[in-house]
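Peer 1: Dumping the structure here so I can ask a few things about it.
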Amino acid sequence: MLPALRADICIFVGATVNPFYLHQIGGGDLPDDTVLTCSRGFDNALEFLSTCKIANLTIRAELGCCLLHRSGKLTIQECLLQCEQNPLDYLSFPIISTAIEYNSFPSLKEQGHGVTVVRTRIEGGAKAVRTNGTLALQRVRAIYSRSSVFFWFEVGEK
């Protein structure tokens, strides 16, 4: 596990690929205290190729997606995912999953692929999740408060 990111910082990222296990936690009390920003010109802020967990972070994307999930199990806990408002909103998605479930290989099927979102705020974009692989959005729950909406959901096998 990596040490927590310091609070009150803003890190600029672009198409950062995480091929290995990653457990990244923001260092502040709230997700707003630690911000990862992906500027225009990159397809995604973070790309996941393995089992990973992120917590207590704000991830902003000016155009494109905040998180690109290709394989493994991704857990997003108590984060804020923001796609900046712009005329090309239909190209923006906070989460994109392109993972494909392998039915013919038992060892790969046991590992599994999926995304779990727990108490996370999602703002902007055409829709919260886009799936291009064999996974689908499941078990969606939303709680509305005065200032925001918190989501819980899974992306798993159809």
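Labeling convention for the structure tokens: chains A, B, ... as they appear, residues from 1 per chain, ligands from 1 in order of appearance.
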Can you tell me, as a list of chain:residue names, what residues are no more than 10 Å from A:Thr58 when counting only C-alpha atoms, ignoring any on the same chain fewer than 3 positions away?

Peer 2: A:Cys10, A:Gly26, A:Leu30, A:Pro31, A:Asp32, A:Asp33, A:Thr34, A:Val35, A:Leu36, A:Thr37, A:Ala55, A:Cys66, A:Glu78, A:Cys79, A:Leu80, A:Leu81, A:Gln82, A:Thr120, A:Arg121, A:Ile122

Peer 1: Generate the output file for the selected residues, N, CA and C atoms, as a JSON list (two decimals), in the first residue's frame.

Peer 2:
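As a result, part35.json now contains:
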```json
[["chain", "number", "residue", "atom", "x", "y", "z"],
["A", 10, "CYS", "N", -3.03, 19.47, -5.03],
["A", 10, "CYS", "CA", -3.68, 19.22, -6.30],
["A", 10, "CYS", "C", -2.63, 18.62, -7.22],
["A", 26, "GLY", "N", -6.59, 9.24, -0.03],
["A", 26, "GLY", "CA", -6.34, 10.67, 0.14],
["A", 26, "GLY", "C", -6.05, 10.97, 1.61],
["A", 30, "LEU", "N", -11.83, 14.88, 4.02],
["A", 30, "LEU", "CA", -12.85, 14.77, 2.98],
["A", 30, "LEU", "C", -12.20, 14.51, 1.63],
["A", 31, "PRO", "N", -12.94, 13.94, 0.68],
["A", 31, "PRO", "CA", -12.37, 13.76, -0.66],
["A", 31, "PRO", "C", -11.90, 15.07, -1.29],
["A", 32, "ASP", "N", -12.57, 16.19, -0.95],
["A", 32, "ASP", "CA", -12.22, 17.49, -1.52],
["A", 32, "ASP", "C", -10.83, 17.96, -1.10],
["A", 33, "ASP", "N", -10.26, 17.36, -0.06],
["A", 33, "ASP", "CA", -8.96, 17.80, 0.44],
["A", 33, "ASP", "C", -7.79, 17.36, -0.45],
["A", 34, "THR", "N", -7.97, 16.28, -1.20],
["A", 34, "THR", "CA", -6.91, 15.77, -2.08],
["A", 34, "THR", "C", -7.48, 15.61, -3.47],
["A", 35, "VAL", "N", -6.93, 16.33, -4.46],
["A", 35, "VAL", "CA", -7.52, 16.40, -5.80],
["A", 35, "VAL", "C", -6.51, 15.92, -6.84],
["A", 36, "LEU", "N", -6.95, 14.98, -7.70],
["A", 36, "LEU", "CA", -6.20, 14.58, -8.89],
["A", 36, "LEU", "C", -6.94, 15.17, -10.07],
["A", 37, "THR", "N", -6.25, 15.95, -10.90],
["A", 37, "THR", "CA", -6.89, 16.61, -12.03],
["A", 37, "THR", "C", -6.26, 16.13, -13.33],
["A", 55, "ALA", "N", -9.60, 5.57, -2.34],
["A", 55, "ALA", "CA", -10.53, 6.07, -1.32],
["A", 55, "ALA", "C", -10.20, 7.51, -0.98],
["A", 66, "CYS", "N", -12.77, 9.85, -15.78],
["A", 66, "CYS", "CA", -11.94, 9.90, -14.58],
["A", 66, "CYS", "C", -11.20, 8.59, -14.39],
["A", 78, "GLU", "N", -15.83, 6.34, -1.06],
["A", 78, "GLU", "CA", -15.91, 7.69, -0.51],
["A", 78, "GLU", "C", -15.07, 8.69, -1.30],
["A", 79, "CYS", "N", -15.25, 8.68, -2.62],
["A", 79, "CYS", "CA", -14.53, 9.59, -3.51],
["A", 79, "CYS", "C", -15.51, 10.59, -4.13],
["A", 80, "LEU", "N", -14.96, 11.54, -4.86],
["A", 80, "LEU", "CA", -15.74, 12.47, -5.67],
["A", 80, "LEU", "C", -15.17, 12.39, -7.08],
["A", 81, "LEU", "N", -15.99, 11.97, -8.04],
["A", 81, "LEU", "CA", -15.59, 11.89, -9.44],
["A", 81, "LEU", "C", -16.31, 12.99, -10.19],
["A", 82, "GLN", "N", -15.53, 13.88, -10.84],
["A", 82, "GLN", "CA", -16.12, 15.03, -11.52],
["A", 82, "GLN", "C", -15.67, 15.08, -12.97],
["A", 120, "THR", "N", -19.94, 7.26, -2.95],
["A", 120, "THR", "CA", -19.15, 8.13, -3.83],
["A", 120, "THR", "C", -20.06, 9.14, -4.52],
["A", 121, "ARG", "N", -19.61, 10.39, -4.59],
["A", 121, "ARG", "CA", -20.33, 11.43, -5.33],
["A", 121, "ARG", "C", -19.84, 11.42, -6.77],
["A", 122, "ILE", "N", -20.78, 11.53, -7.71],
["A", 122, "ILE", "CA", -20.46, 11.55, -9.13],
["A", 122, "ILE", "C", -21.15, 12.76, -9.74]]
```

Peer 1: Which residues, written as a list of chain:residue names, have at least one atom at most 9 Å from A:Arg40, with only C-alpha atoms counted and residues fewer than 5 positions away on the same chain left out?

Peer 2: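 Near neighbours after the sequence-gap exclusion: A:Gly14, A:Ala61, A:Glu62, A:Leu63, A:Gly64.
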
Peer 1: Can you tell me, as a VMD selection string, what residues are no more than 9 Å from A:Val140 when counting only C-alpha atoms, ignoring any on the same chain fewer than 3 positions away?

Peer 2: chain A and resid 137 151 to 154

Peer 1: What is the atom CA of A:Val117-atom CA of A:Gly41 distance in Å, reported with one decimal?

Peer 2: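 Separation between atom CA of A:Val117 and atom CA of A:Gly41: 26.3 Å.
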
Peer 1: Excluding same-chain residues fewer than 4 positions from A:Glu157, what lies within 10 Å of it counting only C-alpha atoms, as a list in words?

Peer 2: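 Using only C-alpha atoms, the neighbours found are Ala99, Ile100, Glu101, Gly112, His113, Gly114, Gly133, Thr134, Leu135, Ala136, Leu137 and Gln138 of chain A.
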
Peer 1: As an exercise, work out the distance from atom CA of A:Asn44 to atom CA of A:Cys83 in Å and give it to one decimal place.

Peer 2: 10.6 Å

Peer 1: In Å, how far is it from atom CA of A:Ala128 to atom CA of A:Gly28?

Peer 2: 24.6 Å
